[in-house]
>>> print(open('model-v6.cif').read())   # mmCIF, C-alpha atoms
data_upload
#
loop_
_atom_site.label_atom_id
_atom_site.label_comp_id
_atom_site.auth_asym_id
_atom_site.auth_seq_id
_atom_site.Cartn_x
_atom_site.Cartn_y
_atom_site.Cartn_z
CA MET A 86 20.92 4.05 -9.92
CA PRO A 87 18.82 5.73 -7.20
CA THR A 88 15.05 5.61 -7.75
CA PRO A 89 13.02 8.85 -7.79
CA TYR A 90 12.46 10.00 -4.18
CA ASN A 91 13.69 6.55 -3.05
CA LEU A 92 10.35 5.02 -4.01
CA ALA A 93 10.14 1.37 -5.00
CA ILE A 94 8.61 2.05 -8.42
CA ALA A 95 6.44 -0.64 -10.02
CA ASP A 96 6.22 0.18 -13.72
CA HIS A 97 3.93 -2.58 -14.90
CA CYS A 98 0.59 -3.02 -13.09
CA GLY A 99 0.75 -6.78 -13.67
CA GLU A 100 4.04 -6.95 -11.78
CA CYS A 101 3.09 -4.57 -8.98
CA PRO A 102 4.01 -6.39 -5.75
CA VAL A 103 1.23 -4.77 -3.75
CA ARG A 104 -1.53 -4.92 -6.35
CA GLU A 105 -3.55 -7.59 -4.54
CA ALA A 106 -3.61 -5.51 -1.39
CA HIS A 107 -4.85 -2.51 -3.38
CA ALA A 108 -8.56 -1.91 -3.20
CA PHE A 109 -8.91 -0.61 -6.73
CA CYS A 110 -6.26 -2.60 -8.57
CA ASN A 111 -7.05 -6.07 -7.26
CA MET A 112 -8.62 -7.19 -10.56
CA GLN A 113 -8.33 -10.12 -12.97
CA PRO A 114 -5.26 -10.21 -15.28
CA GLU A 115 -7.22 -9.06 -18.33
CA PRO A 116 -8.54 -5.74 -16.96
CA ILE A 117 -5.17 -5.15 -15.27
CA GLU A 118 -3.41 -5.55 -18.60
CA ALA A 119 -5.91 -3.15 -20.18
CA MET A 120 -5.37 -0.66 -17.35
CA ASN A 121 -1.63 -0.94 -17.67
CA SER A 122 -1.80 -0.01 -21.35
CA ILE A 123 -3.71 3.24 -20.71
CA LYS A 124 -1.99 4.51 -17.56
CA PHE A 125 0.93 6.91 -17.23
CA SER A 126 3.02 6.41 -14.11
CA ALA A 127 4.94 9.20 -12.41
CA ALA A 128 6.71 9.80 -9.11
CA TYR A 129 5.93 13.00 -7.23
CA PRO A 130 7.70 14.65 -4.30
CA LYS A 131 5.91 15.72 -1.13
CA GLY A 132 3.69 18.76 -1.70
CA ALA A 133 2.90 18.10 -5.37
CA LEU A 134 -0.57 19.10 -6.59
CA LEU A 135 -2.21 16.39 -8.69
CA PHE A 136 -5.37 18.37 -9.40
CA VAL A 137 -7.11 21.44 -8.07
CA GLU A 138 -10.73 21.96 -7.03
CA GLY A 139 -12.66 23.60 -9.88
CA GLU A 140 -10.43 22.32 -12.72
CA GLN A 141 -12.05 20.46 -15.58
CA PRO A 142 -11.44 16.72 -15.07
CA ARG A 143 -8.50 15.48 -17.14
CA GLY A 144 -8.75 11.97 -15.82
CA VAL A 145 -8.29 9.83 -12.75
CA TYR A 146 -5.25 9.26 -10.55
CA ILE A 147 -4.48 5.93 -8.93
CA LEU A 148 -2.30 6.21 -5.87
CA CYS A 149 0.26 3.38 -6.25
CA SER A 150 2.23 4.35 -3.14
CA GLY A 151 2.32 7.27 -0.72
CA LYS A 152 -0.35 9.49 0.82
CA VAL A 153 -2.44 12.30 -0.63
CA LYS A 154 -4.59 14.87 1.16
CA LEU A 155 -7.88 15.80 -0.44
CA THR A 156 -8.98 19.31 0.44
CA THR A 157 -11.85 21.64 -0.33
CA SER A 158 -12.66 25.23 0.62
CA SER A 159 -15.41 25.84 3.14
CA THR A 160 -18.07 28.40 2.26
CA GLU A 161 -16.02 30.87 4.31
CA GLY A 162 -12.89 30.10 2.30
CA ARG A 163 -11.17 28.02 4.97
CA THR A 164 -9.24 24.95 3.75
CA LEU A 165 -10.80 21.70 4.90
CA ILE A 166 -9.17 18.28 4.56
CA VAL A 167 -11.92 15.88 3.54
CA LYS A 168 -9.78 12.74 3.46
CA ILE A 169 -6.24 11.42 3.59
CA ALA A 170 -6.03 8.95 0.70
CA THR A 171 -3.62 6.02 0.96
CA HIS A 172 -2.12 3.65 -1.62
CA GLY A 173 -4.57 1.71 -3.75
CA GLU A 174 -7.18 4.47 -3.90
CA ILE A 175 -8.45 6.07 -7.07
CA LEU A 176 -8.78 9.86 -7.02
CA GLY A 177 -10.86 12.21 -9.17
CA ALA A 178 -13.21 9.42 -10.27
CA SER A 179 -16.47 11.22 -9.46
CA ALA A 180 -15.43 14.29 -11.48
CA ALA A 181 -14.31 12.11 -14.40
CA ILE A 182 -17.55 10.13 -14.37
CA LEU A 183 -19.82 13.16 -14.10
CA GLY A 184 -17.72 15.27 -16.47
CA ARG A 185 -17.84 18.08 -13.91
CA PRO A 186 -14.96 20.00 -12.31
CA TYR A 187 -12.94 18.32 -9.55
CA GLU A 188 -14.73 18.82 -6.23
CA VAL A 189 -11.51 18.65 -4.21
CA SER A 190 -7.80 19.37 -4.57
CA ALA A 191 -5.27 16.55 -4.23
CA GLU A 192 -1.79 17.19 -2.82
CA THR A 193 0.85 14.60 -1.93
CA LEU A 194 1.72 14.39 1.79
CA GLU A 195 4.85 12.36 1.10
CA ALA A 196 6.74 11.17 -1.99
CA SER A 197 4.22 9.13 -3.97
CA GLN A 198 3.91 7.07 -7.13
CA VAL A 199 0.78 7.93 -9.07
CA SER A 200 -0.75 6.42 -12.21
CA PHE A 201 -2.81 8.74 -14.36
CA ILE A 202 -5.51 7.59 -16.78
CA ARG A 203 -7.07 10.06 -19.22
CA ARG A 204 -10.79 10.57 -18.81
CA GLU A 205 -11.83 9.13 -22.20
CA ASP A 206 -9.61 6.07 -21.65
CA PHE A 207 -10.99 5.57 -18.17
CA LEU A 208 -14.63 5.74 -19.34
CA ARG A 209 -13.87 3.27 -22.14
CA PHE A 210 -12.12 1.00 -19.60
CA LEU A 211 -15.23 1.08 -17.40
CA SER A 212 -17.58 0.22 -20.23
CA ALA A 213 -15.38 -2.75 -21.18
CA TYR A 214 -14.93 -4.31 -17.73
CA SER A 215 -17.72 -4.63 -15.19
CA GLU A 216 -15.12 -5.59 -12.59
CA ALA A 217 -13.59 -2.13 -13.00
CA CYS A 218 -17.07 -0.62 -12.54
CA MET A 219 -17.56 -2.59 -9.34
CA HIS A 220 -14.20 -1.50 -7.98
CA THR A 221 -14.87 2.11 -8.93
CA ALA A 222 -18.28 1.92 -7.27
CA GLN A 223 -16.64 0.57 -4.11
CA GLN A 224 -14.09 3.36 -4.15
CA LEU A 225 -16.80 5.99 -4.62
CA SER A 226 -18.87 4.46 -1.85
CA GLU A 227 -15.92 4.50 0.51
CA LYS A 228 -15.26 8.16 -0.27
CA TYR A 229 -18.92 8.83 0.41
CA GLU A 230 -18.94 6.92 3.69
CA SER A 231 -15.77 8.63 4.85
CA ALA A 232 -17.36 12.00 4.02
CA GLN A 233 -20.42 10.96 6.04
CA ARG A 234 -18.19 10.18 9.03
CA GLU A 235 -16.57 13.61 8.71
CA ILE A 236 -19.97 15.28 8.53
CA ARG A 237 -20.91 13.41 11.64
CA SER A 238 -17.94 14.66 13.64
CA LEU A 239 -18.09 18.17 12.21
CA GLY A 240 -21.81 18.44 12.82
CA LEU A 241 -22.30 16.60 16.05
CA ALA A 242 -19.23 17.41 18.14
CA HIS A 243 -19.88 20.18 20.61
CA THR A 244 -16.35 21.40 21.15
CA THR A 245 -13.10 21.49 19.24
CA SER A 246 -11.35 19.42 21.91
CA GLU A 247 -13.98 16.73 21.35
CA LYS A 248 -13.26 16.79 17.59
CA LEU A 249 -9.52 16.53 18.20
CA ALA A 250 -9.98 13.66 20.67
CA LYS A 251 -12.17 11.88 18.11
CA LEU A 252 -9.57 12.36 15.37
CA ILE A 253 -6.77 10.97 17.54
CA LEU A 254 -8.95 8.00 18.57
CA ASP A 255 -9.75 7.32 14.89
CA TRP A 256 -6.03 7.32 14.10
CA SER A 257 -5.23 5.05 17.03
CA VAL A 258 -7.24 2.23 15.39
CA ASP A 259 -4.26 1.70 13.06
CA GLY A 260 -1.73 2.43 15.82
CA GLU A 261 0.82 0.08 17.28
CA PRO A 262 0.38 -1.04 20.89
CA THR A 263 3.45 -0.32 23.06
CA PRO A 264 4.02 -0.42 26.85
CA GLN A 265 3.63 3.41 26.91
CA GLY A 266 0.34 3.34 25.01
CA THR A 267 -0.81 3.18 21.40
CA ARG A 268 1.79 4.69 19.12
CA MET A 269 1.11 6.31 15.75
CA GLN A 270 3.07 8.29 13.21
CA VAL A 271 1.58 11.70 12.58
CA LEU A 272 2.62 13.06 9.19
CA LEU A 273 0.36 16.09 9.48
CA THR A 274 1.36 19.54 10.67
CA HIS A 275 -0.75 21.36 13.27
CA GLU A 276 -2.10 23.46 10.41
CA GLU A 277 -3.25 20.31 8.59
CA ILE A 278 -4.79 18.83 11.73
CA ALA A 279 -6.70 22.10 12.07
CA GLN A 280 -7.91 21.69 8.49
CA MET A 281 -9.19 18.23 9.31
CA ILE A 282 -11.41 19.37 12.18
CA GLY A 283 -12.34 22.83 10.94
CA THR A 284 -10.39 25.00 13.38
CA THR A 285 -7.24 27.14 13.49
CA ARG A 286 -3.59 26.11 13.86
CA GLU A 287 -3.34 28.01 17.16
CA THR A 288 -6.27 26.07 18.65
CA VAL A 289 -4.73 22.72 17.67
CA THR A 290 -1.37 23.65 19.25
CA ARG A 291 -3.11 24.80 22.43
CA LEU A 292 -5.34 21.70 22.65
CA LEU A 293 -2.44 19.30 22.05
CA SER A 294 -0.49 20.93 24.91
CA ASP A 295 -3.60 20.68 27.00
CA PHE A 296 -3.96 16.94 26.21
CA LYS A 297 -0.26 16.44 27.05
CA ARG A 298 -0.64 18.28 30.35
CA LYS A 299 -3.63 16.08 31.24
CA LYS A 300 -1.50 12.98 30.39
CA LEU A 301 -3.94 11.90 27.69
CA ILE A 302 -1.22 11.81 25.03
CA SER A 303 2.53 12.22 24.73
CA VAL A 304 4.55 13.26 21.69
CA LYS A 305 8.07 12.17 20.72
CA GLY A 306 9.21 13.49 17.34
CA SER A 307 6.58 12.46 14.80
CA SER A 308 5.23 9.71 17.13
CA LEU A 309 2.11 10.35 19.12
CA PHE A 310 1.22 8.03 22.02
CA VAL A 311 -2.32 7.70 23.33
CA LEU A 312 -1.87 7.21 27.08
CA ALA A 313 -5.45 7.29 28.32
CA LYS A 314 -7.78 5.92 25.67
CA GLU A 315 -10.75 5.45 27.97
CA GLN A 316 -10.57 8.99 29.27
CA MET A 317 -10.44 10.28 25.72
CA ARG A 318 -13.43 8.16 24.73
CA GLU A 319 -15.40 9.79 27.51
CA MET A 320 -14.69 13.20 25.98
CA VAL A 321 -16.36 12.16 22.74
CA SER A 322 -20.16 12.22 22.55
CA ILE A 323 -20.53 11.08 18.94
CA MET B 8 -25.72 8.28 -19.94
CA GLU B 9 -29.05 9.04 -18.29
CA PRO B 10 -29.28 8.06 -14.63
CA SER B 11 -32.98 7.26 -15.18
CA ILE B 12 -31.97 4.06 -16.97
CA ILE B 13 -31.42 2.53 -13.57
CA GLU B 14 -35.04 3.04 -12.57
CA THR B 15 -36.33 1.27 -15.70
CA THR B 16 -34.05 -1.70 -15.08
CA LEU B 17 -34.84 -1.91 -11.41
CA ALA B 18 -38.60 -1.50 -11.92
CA GLU B 19 -38.81 -5.15 -13.03
CA ARG B 20 -37.32 -6.35 -9.77
CA GLU B 21 -38.83 -4.03 -7.21
CA THR B 22 -41.28 -4.55 -4.37
CA LEU B 23 -43.36 -1.55 -3.32
CA ILE B 24 -43.34 -0.46 0.30
CA ARG B 25 -45.69 2.15 1.75
CA LEU B 26 -44.51 3.99 4.84
CA ARG B 27 -46.54 6.11 7.22
CA LYS B 28 -44.97 9.21 8.68
CA GLY B 29 -42.44 8.21 11.34
CA GLU B 30 -41.97 4.62 10.12
CA THR B 31 -38.41 3.45 9.65
CA LEU B 32 -37.00 2.08 6.40
CA PHE B 33 -33.66 0.93 7.80
CA ARG B 34 -31.59 1.55 10.90
CA GLU B 35 -28.01 2.62 11.46
CA GLY B 36 -25.85 -0.43 12.12
CA GLU B 37 -28.07 -2.87 10.21
CA PRO B 38 -26.52 -4.83 7.35
CA PRO B 39 -27.98 -3.62 4.02
CA ARG B 40 -30.71 -5.85 2.58
CA GLY B 41 -30.92 -3.96 -0.69
CA VAL B 42 -31.47 -0.56 -2.27
CA TYR B 43 -34.49 1.70 -1.95
CA VAL B 44 -35.83 4.05 -4.62
CA LEU B 45 -37.93 6.81 -3.14
CA HIS B 46 -40.93 7.20 -5.48
CA SER B 47 -42.88 9.76 -3.47
CA GLY B 48 -42.62 11.53 -0.14
CA SER B 49 -39.44 12.41 1.74
CA VAL B 50 -37.24 10.53 4.18
CA ASP B 51 -35.19 11.93 7.08
CA LEU B 52 -31.68 10.50 7.39
CA LEU B 53 -30.55 10.51 11.00
CA PHE B 54 -27.41 9.74 12.98
CA ALA B 55 -27.45 8.41 16.50
CA ALA B 56 -25.20 10.26 18.94
CA LYS B 57 -23.48 8.26 21.70
CA ASP B 58 -26.21 9.19 24.20
CA GLY B 59 -28.80 7.63 21.86
CA SER B 60 -30.36 10.87 20.65
CA ALA B 61 -31.04 11.17 16.92
CA LYS B 62 -29.38 13.99 15.00
CA PRO B 63 -30.60 14.99 11.54
CA LEU B 64 -28.17 14.51 8.66
CA ARG B 65 -30.23 15.41 5.60
CA GLU B 66 -33.54 14.82 3.88
CA ALA B 67 -33.87 12.47 0.93
CA GLN B 68 -36.40 13.54 -1.73
CA SER B 69 -38.38 11.49 -4.21
CA GLY B 70 -36.24 10.09 -7.02
CA GLN B 71 -33.30 9.44 -4.72
CA ILE B 72 -31.82 5.99 -4.19
CA LEU B 73 -30.91 4.99 -0.65
CA GLY B 74 -28.56 2.28 0.56
CA LEU B 75 -26.49 2.20 -2.62
CA SER B 76 -23.07 2.69 -1.03
CA CYS B 77 -23.70 0.10 1.70
CA VAL B 78 -24.81 -2.50 -0.82
CA VAL B 79 -21.66 -1.91 -2.85
CA THR B 80 -19.23 -1.96 0.09
CA GLN B 81 -21.20 -4.55 2.11
CA ARG B 82 -20.92 -2.36 5.19
CA VAL B 83 -23.72 -1.68 7.65
CA HIS B 84 -26.01 1.32 7.18
CA ASP B 85 -24.33 4.47 8.49
CA CYS B 86 -27.61 6.25 9.23
CA THR B 87 -31.27 5.63 9.98
CA ALA B 88 -33.97 6.43 7.40
CA THR B 89 -37.37 7.48 8.74
CA ALA B 90 -40.36 8.68 6.71
CA ALA B 91 -40.84 12.44 7.15
CA GLU B 92 -44.28 12.12 5.51
CA PRO B 93 -46.20 9.23 3.88
CA CYS B 94 -43.84 7.63 1.36
CA GLU B 95 -43.89 5.14 -1.47
CA VAL B 96 -40.61 3.28 -1.76
CA ALA B 97 -39.44 0.61 -4.19
CA PHE B 98 -37.20 -2.02 -2.64
CA ILE B 99 -34.77 -4.15 -4.65
CA GLU B 100 -32.92 -6.96 -2.92
CA ARG B 101 -29.15 -6.81 -2.94
CA GLU B 102 -28.68 -9.94 -5.05
CA ASP B 103 -31.26 -8.83 -7.61
CA PHE B 104 -29.65 -5.45 -7.76
CA LEU B 105 -26.16 -6.80 -8.39
CA HIS B 106 -27.64 -9.17 -10.97
CA ALA B 107 -29.19 -6.26 -12.84
CA LEU B 108 -25.77 -4.65 -12.98
CA ASP B 109 -24.12 -7.76 -14.39
CA ASP B 110 -26.54 -7.66 -17.28
CA SER B 111 -25.91 -4.12 -18.39
CA PRO B 112 -22.86 -1.82 -18.39
CA ALA B 113 -25.19 1.15 -18.96
CA VAL B 114 -26.81 0.49 -15.59
CA TRP B 115 -23.36 0.35 -14.02
CA PHE B 116 -22.73 3.81 -15.38
CA SER B 117 -25.84 5.23 -13.83
CA VAL B 118 -24.86 3.68 -10.50
CA LEU B 119 -21.46 5.38 -10.75
CA HIS B 120 -23.25 8.65 -11.60
CA LEU B 121 -25.51 8.37 -8.57
CA LEU B 122 -22.63 7.56 -6.25
CA SER B 123 -20.62 10.50 -7.61
CA ASN B 124 -23.56 12.81 -6.99
CA GLU B 125 -23.87 11.50 -3.43
CA ILE B 126 -20.21 12.30 -2.80
CA ASN B 127 -20.69 15.81 -4.12
CA ALA B 128 -23.71 16.34 -1.87
CA ALA B 129 -21.69 15.13 1.12
CA TYR B 130 -18.82 17.51 0.25
CA ASP B 131 -21.33 20.38 0.00
CA ASP B 132 -22.54 19.54 3.51
CA MET B 133 -18.96 19.49 4.77
CA ARG B 134 -18.22 22.91 3.30
CA VAL B 135 -21.18 24.40 5.12
CA LEU B 136 -20.52 22.57 8.41
CA ALA B 137 -16.84 23.61 8.45
CA SER B 138 -17.90 27.26 8.29
CA ARG B 139 -20.01 27.12 11.41
#
>>> encode(input="model-v6.cif", output="structure tokens")
Amino acid sequence: MPTPYNLAIADHCGECPVREAHAFCNMQPEPIEAMNSIKFSAAYPKGALLFVEGEQPRGVYILCSGKVKLTTSSTEGRTLIVKIATHGEILGASAAILGRPYEVSAETLEASQVSFIRREDFLRFLSAYSEACMHTAQQLSEKYESAQREIRSLGLAHTTSEKLAKLILDWSVDGEPTPQGTRMQVLLTHEEIAQMIGTTRETVTRLLSDFKRKKLISVKGSSLFVLAKEQMREMVSI
Amino acid sequence: MEPSIIETTLAERETLIRLRKGETLFREGEPPRGVYVLHSGSVDLLFAAKDGSAKPLREAQSGQILGLSCVVTQRVHDCTATAAEPCEVAFIEREDFLHALDDSPAVWFSVLHLLSNEINAAYDDMRVLASR
């Protein structure tokens, strides 16, 4: 039988093959068993909304596999991507802990498996296992530090091309070295790239062509190659 | 759960530091030695740009706890904290801090509260910066 969206679904947290590589879920068997008994697993297609900014917190979402974009609206109403969450992250935890509306919206960027835990169950789980508290604290701290890095590039970069160069350089850290340069898969549309650096889709399209013309990058399908890393580093002042 | 519970627990383990205006509490890139509770005064949080110049991030007011996220993730400080005016700061060493958490789930909760509030403050900053 085909699996939903061709995902390799792990139904039981204790048997999850990637649990140990997951920042949040890498816990002792006892808390994992407890977590497994309170979570609801579901598979979502690309483009599914898990929760929306301003909604009362129902609970937390653990990203078992896939990618999720977290967005908020700027004071001018522009959509801003605050983070791309990857597997093993817990989402909506700050809202659930504070009992205040979700600060961001979460939308899947690709087919994803997600485990949901109701707020009351999650809070009880935290009070029972200090290991879960520690892992939640680490997750919150990482969200905070990633927000700080965004603030840094949004606030300190002088030009949009500098912000785009910085974003591509940040991505290239996880890229694969090839004879043509560092290769990375870009799942984001130009519109979404614009939302990551606080600009418009048109500007991103224009700047990417500009980078290609200057032989800083090349694009083949969804692969982006960084050809001149040093030159791009010089463009970035932050 | 009241976030103030953390201050009562930490008070037993703290060392008081007095800073004059312009003195630095910790620097960007340093490994975290512990957490700092700002009792009085205010502290400027600064980023260093690549050319070495300092750019303001935000101001921390009395009652705020600094260094919490770095202590939890064991990463280096992502900004520099400098006294904007004379300050009184309580310092709690990392090990002592983590010990205090082991002893009490209620303190854990207030830590999670504080971290959640920090995230919200950072998102507020992002919303404003993205509109510029």
>>> residues_around(input="model-v6.cif", residues="stretch 222-236 of chain A", least_positions_apart="5", cutoff="9 Å", atoms="all atoms listed in the file", output="ChimeraX atom specification")
/A:108-109,167-168,174-176,178-179,217,241,281-282 /B:64,75-77,79-80,85,115,118-119,122-123,125-127,129-130,132-133,136-137
>>> write_last_selection(input="model-v6.cif", atoms="C-alpha atoms", output="tab-separated table (two decimals), in the frame of the given file")
chain	number	residue	atom	x	y	z
A	108	ALA	CA	-8.56	-1.91	-3.20
A	109	PHE	CA	-8.91	-0.61	-6.73
A	167	VAL	CA	-11.92	15.88	3.54
A	168	LYS	CA	-9.78	12.74	3.46
A	174	GLU	CA	-7.18	4.47	-3.90
A	175	ILE	CA	-8.45	6.07	-7.07
A	176	LEU	CA	-8.78	9.86	-7.02
A	178	ALA	CA	-13.21	9.42	-10.27
A	179	SER	CA	-16.47	11.22	-9.46
A	217	ALA	CA	-13.59	-2.13	-13.00
A	241	LEU	CA	-22.30	16.60	16.05
A	281	MET	CA	-9.19	18.23	9.31
A	282	ILE	CA	-11.41	19.37	12.18
B	64	LEU	CA	-28.17	14.51	8.66
B	75	LEU	CA	-26.49	2.20	-2.62
B	76	SER	CA	-23.07	2.69	-1.03
B	77	CYS	CA	-23.70	0.10	1.70
B	79	VAL	CA	-21.66	-1.91	-2.85
B	80	THR	CA	-19.23	-1.96	0.09
B	85	ASP	CA	-24.33	4.47	8.49
B	115	TRP	CA	-23.36	0.35	-14.02
B	118	VAL	CA	-24.86	3.68	-10.50
B	119	LEU	CA	-21.46	5.38	-10.75
B	122	LEU	CA	-22.63	7.56	-6.25
B	123	SER	CA	-20.62	10.50	-7.61
B	125	GLU	CA	-23.87	11.50	-3.43
B	126	ILE	CA	-20.21	12.30	-2.80
B	127	ASN	CA	-20.69	15.81	-4.12
B	129	ALA	CA	-21.69	15.13	1.12
B	130	TYR	CA	-18.82	17.51	0.25
B	132	ASP	CA	-22.54	19.54	3.51
B	133	MET	CA	-18.96	19.49	4.77
B	136	LEU	CA	-20.52	22.57	8.41
B	137	ALA	CA	-16.84	23.61	8.45
>>> closest_residue(input="model-v6.cif", among="A:Asp295, A:Glu319, A:Glu277, A:Glu188", to="chain B", atoms="only C-alpha atoms")
A:Glu188
>>> resolve_selection(input="model-v6.cif", expression="the PyMOL selection byres ((chain B and resi 25-42) around 8)", output="number ranges by chain")
B: 23-24, 43-44, 54-55, 72-75, 77-78, 81-96, 98-102, 104
>>> residues_near_point(input="model-v6.cif", point="(-15.5, 14.6, -17.5)", cutoff="12 Å", atoms="all atoms listed in the file", output="PyMOL selection string")
(chain A and resi 140-145+177-187+203-208) or (chain B and resi 120+123)
>>> closest_residue(input="model-v6.cif", among="A:Ile166, A:Cys101, A:Leu309, A:Ala119", to="chain B", atoms="all atoms listed in the file")
A:Ile166
>>> decode(input="model-v6.cif", residues="stretch 116-132 of chain A", atoms="C-alpha atoms", output="PDB file, in the first residue's frame")
ATOM      1  CA  PRO A 116       9.693  10.298  28.515  1.00  0.00           C
ATOM      2  CA  ILE A 117       9.560   9.075  24.907  1.00  0.00           C
ATOM      3  CA  GLU A 118       6.964   6.482  25.864  1.00  0.00           C
ATOM      4  CA  ALA A 119       4.998   9.173  27.713  1.00  0.00           C
ATOM      5  CA  MET A 120       5.229  11.480  24.696  1.00  0.00           C
ATOM      6  CA  ASN A 121       4.126   8.729  22.370  1.00  0.00           C
ATOM      7  CA  SER A 122       0.969   8.171  24.410  1.00  0.00           C
ATOM      8  CA  ILE A 123      -0.145  11.826  24.172  1.00  0.00           C
ATOM      9  CA  LYS A 124       0.777  12.647  20.569  1.00  0.00           C
ATOM     10  CA  PHE A 125      -1.374  12.453  17.448  1.00  0.00           C
ATOM     11  CA  SER A 126       0.569  11.851  14.249  1.00  0.00           C
ATOM     12  CA  ALA A 127      -0.579  13.048  10.839  1.00  0.00           C
ATOM     13  CA  ALA A 128       0.867  13.446   7.358  1.00  0.00           C
ATOM     14  CA  TYR A 129       0.340  16.757   5.584  1.00  0.00           C
ATOM     15  CA  PRO A 130       0.843  17.729   1.943  1.00  0.00           C
ATOM     16  CA  LYS A 131       2.891  20.733   0.866  1.00  0.00           C
ATOM     17  CA  GLY A 132       1.154  24.014   1.658  1.00  0.00           C
TER      18      GLY A 132
END
